[in-house]
Amino acid sequence: MRYDVLVLGGGIVGTSVAVHLQERGRAVALIDRRGPGEETSHGNAGLVERTSLLPIAFPRSLPALAEIVLKRYPGANYHWSALPRLAPWLLAYWRNSAPDRLDATARLMYPILSTTVAEHRALASKADAESFFRDTGWLKIHRTEEDCRAEEKSLALAAEFGHQVRHLDREETLALEPSLRPDFIAGTHWTDPHSVSSPGGVTKAYASYLAKIGGVVLRGDAGSLRQGGAGWTIGAGASQIEAREVVVCLGPWSMDVLAPLGYRLPLAVKRGYHMHYRAADGATLGRPVIDEAGGYVLTPMVGGIRLTTGVEFARRDAPKTPVQVDRAEKLARDLFPLGTRAEPEPWMGARPMFPDSRPVIDRAPRHGNLWLAFGHQHLGFTLGPATGRLLAEMMTGEPTHVDPSPFSAERFG
Ligand SMILES: Cc1cc2nc3c(=O)[nH]c(=O)nc-3n(C[C@H](O)[C@H](O)[C@H](O)COP(=O)(O)OP(=O)(O)OC[C@H]3O[C@@H](n4cnc5c(N)ncnc54)[C@H](O)[C@@H]3O)c2cc1C
């Protein structure tokens, strides 16, 4: 079987790339070893951001760093065994977390981030996925005055870019989310972002739309990709399929395919966990609630209230160590009446991340017919459809809706 383009990886990024290419007249096969939306794009917190302009930074102050090194901050964990190999990446991440660099990254990300809600909603309406979406923003709770002050830089950027933010005292926060327990002093309601009740469900709906408009969704192993003749071949079940062009959208697994082709890009992972809870006493949530000091997010999902954790630095494939779920759960129970756990063990995923907190969306530097779209870190669910549109525009020679240069693969040399 022959296609114009093989898109490897059926997460939100690959599925969105495939849809945008098929809509532009390319014959596309989307290939995943599982089904679409069953890995990282399934297990996230479901935020479709616009306002998180400042990247999540490596701590620069000694007290904050000490909290992490001593494993006192519930939002972070690490495996000692992973540190020697990760050290150069962590150093680069630390350098990129200097205040001036964070500010520069925010400005480079702003053009694409400002399109994300509109791009998701446009795709959702065509894919009949509107019912998953909420336009209720998200709520950050603050336990101390220090928590409130920690948000000042984000608020200044939000004001500069015209984002809507409501500052709430405790009573106003409780009026917005009446099931919360008053374990905080204030809240900030970021009203521009949207959120979804099933990120995996949304990704699957986009994949069904791909099939409806003539694309093909196949099971296959990206590890069997071979260059040959006028393009590429890959094994999908018993058949060999061929295409002129390939797009690598394998999220945390992208370098598994690219390293054998000679690429060395500094991709690492920040692992994260989730657990669902039944809500006790008829409690409800209308939007994701972020407790940054506690290092977790609570989001109402189709499977219950989903608690997602912060980051874990570990080898991608090391066994799960979900200590953060236990720690965050204790804090979350003081904030919201969580009932029993809905699953026997936590889900784990890995945020694919470059040390400058920007994805790669580009043609591969040494292969004219190989394209790259991965490394979307904490914002991959958000950025999927906008990335799909941008890469499809680049591949078809259309004018691009945002400048792709911040996402060049060659920025790493
Ligand atoms: C706890 C947590 C919370 C998060 N919260 C948010 C949030 O609220 N909002 C947000 O925007 N982002 C969030 N993220 C980040 C977001 O989930 C990711 O950035 C995004 O899902 C990455 O999408 P992707 O398509 O690049 O990768 P994936 O979804 O991982 O897709 C990659 C695909 O490649 C396939 N694959 C891998 N190897 C092979 C192979 N050899 N052959 C074939 N197929 C293969 C996999 O099966 C998978 O389907 C969160 C992440 C975590 C872990």
# chains A, B, ... in the order shown; residues from 1 in each chain; ligands from 1
>>> residues_around(residues="Glu343 in chain A", least_positions_apart="6", cutoff="12 Å", atoms="only C-alpha atoms", output="VMD selection string")
chain A and resid 274 to 278 303 to 306
>>> write_last_selection(atoms="N, CA and C atoms", output="PDB file, in the first residue's frame")
ATOM      1  N   HIS A 274      -1.344   9.952  37.174  1.00  0.00           N
ATOM      2  CA  HIS A 274      -2.697  10.355  37.549  1.00  0.00           C
ATOM      3  C   HIS A 274      -3.445   9.224  38.245  1.00  0.00           C
ATOM      4  N   MET A 275      -4.452   9.642  38.995  1.00  0.00           N
ATOM      5  CA  MET A 275      -5.375   8.708  39.646  1.00  0.00           C
ATOM      6  C   MET A 275      -6.754   9.356  39.613  1.00  0.00           C
ATOM      7  N   HIS A 276      -7.792   8.546  39.400  1.00  0.00           N
ATOM      8  CA  HIS A 276      -9.169   9.066  39.467  1.00  0.00           C
ATOM      9  C   HIS A 276      -9.797   8.727  40.817  1.00  0.00           C
ATOM     10  N   TYR A 277     -10.666   9.610  41.263  1.00  0.00           N
ATOM     11  CA  TYR A 277     -11.385   9.425  42.527  1.00  0.00           C
ATOM     12  C   TYR A 277     -12.866   9.636  42.291  1.00  0.00           C
ATOM     13  N   ARG A 278     -13.653   8.900  43.019  1.00  0.00           N
ATOM     14  CA  ARG A 278     -15.070   9.225  43.048  1.00  0.00           C
ATOM     15  C   ARG A 278     -15.217  10.455  43.946  1.00  0.00           C
ATOM     16  N   GLY A 303     -14.053   9.861  33.886  1.00  0.00           N
ATOM     17  CA  GLY A 303     -13.777   8.736  34.788  1.00  0.00           C
ATOM     18  C   GLY A 303     -13.779   9.109  36.260  1.00  0.00           C
ATOM     19  N   GLY A 304     -14.131  10.346  36.587  1.00  0.00           N
ATOM     20  CA  GLY A 304     -14.114  10.801  37.986  1.00  0.00           C
ATOM     21  C   GLY A 304     -13.270  12.059  38.102  1.00  0.00           C
ATOM     22  N   ILE A 305     -12.879  12.391  39.330  1.00  0.00           N
ATOM     23  CA  ILE A 305     -11.990  13.538  39.525  1.00  0.00           C
ATOM     24  C   ILE A 305     -10.558  13.037  39.312  1.00  0.00           C
ATOM     25  N   ARG A 306      -9.882  13.595  38.315  1.00  0.00           N
ATOM     26  CA  ARG A 306      -8.514  13.139  38.005  1.00  0.00           C
ATOM     27  C   ARG A 306      -7.505  14.018  38.739  1.00  0.00           C
TER      28      ARG A 306
END
>>> residues_around(residues="Lys212 in chain A", least_positions_apart="6", cutoff="12 Å", atoms="only C-alpha atoms", output="MDAnalysis selection string")
chainID A and resid 19 22:23 126:128 205:206
>>> residues_around(residues="range 237-250 of chain A", least_positions_apart="4", cutoff="6 Å", atoms="only C-alpha atoms", output="number ranges by chain")
A: 1-9, 14, 231-233, 254, 369-374
>>> residues_around(residues="Ala45 in chain A", least_positions_apart="6", cutoff="8 Å", atoms="only C-alpha atoms", output="PyMOL selection string")
chain A and resi 199+288+297-299+306-308
>>> residues_near_ligand(ligand="ligand 1", cutoff="7 Å", atoms="only C-alpha atoms and all ligand atoms", output="count of residues only")
58
>>> closest_residue(among="A:Leu261, A:Leu210, A:Ala186, A:Val302", to="Ser131 in chain A", atoms="only C-alpha atoms")
A:Val302
>>> closest_residue(among="A:Asp403, A:Asp362, A:Glu393, A:Asp183", to="Leu335 in chain A", atoms="only C-alpha atoms")
A:Asp183
>>> select_by_dssp(residues="range 280-331 of chain A", states="strand (DSSP E)", output="list of chain:residue names")
A:Val289, A:Ile290, A:Asp291, A:Tyr296, A:Val297, A:Leu298, A:Thr299, A:Pro300, A:Met301, A:Gly304, A:Ile305, A:Arg306, A:Leu307, A:Thr308, A:Thr309, A:Val311, A:Glu312, A:Phe313
>>> write_last_selection(atoms="N, CA and C atoms", output="short mmCIF file (atom, residue, chain, number, x, y, z; two decimals), in the first residue's frame")
data_model
loop_
_atom_site.label_atom_id
_atom_site.label_comp_id
_atom_site.auth_asym_id
_atom_site.auth_seq_id
_atom_site.Cartn_x
_atom_site.Cartn_y
_atom_site.Cartn_z
N VAL A 289 -8.62 22.61 38.91
CA VAL A 289 -8.15 23.41 40.05
C VAL A 289 -6.68 23.06 40.28
N ILE A 290 -5.85 24.09 40.30
CA ILE A 290 -4.40 23.89 40.41
C ILE A 290 -3.95 24.33 41.79
N ASP A 291 -3.28 23.43 42.48
CA ASP A 291 -2.68 23.74 43.78
C ASP A 291 -1.17 23.65 43.58
N TYR A 296 -0.11 19.59 42.39
CA TYR A 296 -1.06 18.72 41.69
C TYR A 296 -2.18 19.55 41.07
N VAL A 297 -2.92 18.89 40.17
CA VAL A 297 -4.10 19.49 39.55
C VAL A 297 -5.26 18.52 39.75
N LEU A 298 -6.44 19.05 40.05
CA LEU A 298 -7.67 18.23 40.08
C LEU A 298 -8.52 18.65 38.89
N THR A 299 -8.91 17.68 38.05
CA THR A 299 -9.74 18.01 36.88
C THR A 299 -10.95 17.08 36.85
N PRO A 300 -12.15 17.64 36.65
CA PRO A 300 -13.31 16.75 36.47
C PRO A 300 -13.21 16.06 35.11
N MET A 301 -13.24 14.73 35.13
CA MET A 301 -13.11 13.93 33.90
C MET A 301 -14.27 12.94 33.82
N GLY A 304 -14.13 10.35 36.59
CA GLY A 304 -14.11 10.80 37.99
C GLY A 304 -13.27 12.06 38.10
N ILE A 305 -12.88 12.39 39.33
CA ILE A 305 -11.99 13.54 39.53
C ILE A 305 -10.56 13.04 39.31
N ARG A 306 -9.88 13.60 38.31
CA ARG A 306 -8.51 13.14 38.00
C ARG A 306 -7.51 14.02 38.74
N LEU A 307 -6.68 13.38 39.56
CA LEU A 307 -5.57 14.09 40.20
C LEU A 307 -4.32 13.81 39.37
N THR A 308 -3.70 14.86 38.83
CA THR A 308 -2.44 14.68 38.09
C THR A 308 -1.31 15.29 38.91
N THR A 309 -0.17 14.64 38.83
CA THR A 309 0.97 15.08 39.66
C THR A 309 1.89 15.99 38.86
N VAL A 311 6.20 16.71 38.36
CA VAL A 311 7.17 16.04 37.50
C VAL A 311 8.04 15.04 38.28
N GLU A 312 8.46 14.03 37.52
CA GLU A 312 9.41 13.06 38.08
C GLU A 312 10.54 12.89 37.07
N PHE A 313 11.77 13.16 37.51
CA PHE A 313 12.93 12.93 36.65
C PHE A 313 13.41 11.50 36.88
#
>>> residues_around(residues="Ala279 in chain A", least_positions_apart="6", cutoff="7 Å", atoms="only C-alpha atoms", output="ChimeraX atom specification")
/A:305,337-339
>>> select_by_dssp(residues="range 63-304 of chain A", states="helix (DSSP H, G or I)", output="PyMOL selection string")
chain A and resi 63-69+80-96+99-113+116-126+130-132+145-150+152-160+170-176+199-212+222-224+251-261+280-282
>>> closest_atom_pairs(of="range 328-394 of chain A", to="range 68-88 of chain A", cutoff="10 Å", atoms="only C-alpha atoms", output="JSON lines")
{"residue": "A:Ala328", "atom": "CA", "partner": "A:Pro74", "partner_atom": "CA", "distance": 6.4}
{"residue": "A:Leu331", "atom": "CA", "partner": "A:Pro74", "partner_atom": "CA", "distance": 9.4}
{"residue": "A:Pro355", "atom": "CA", "partner": "A:Pro88", "partner_atom": "CA", "distance": 9.7}
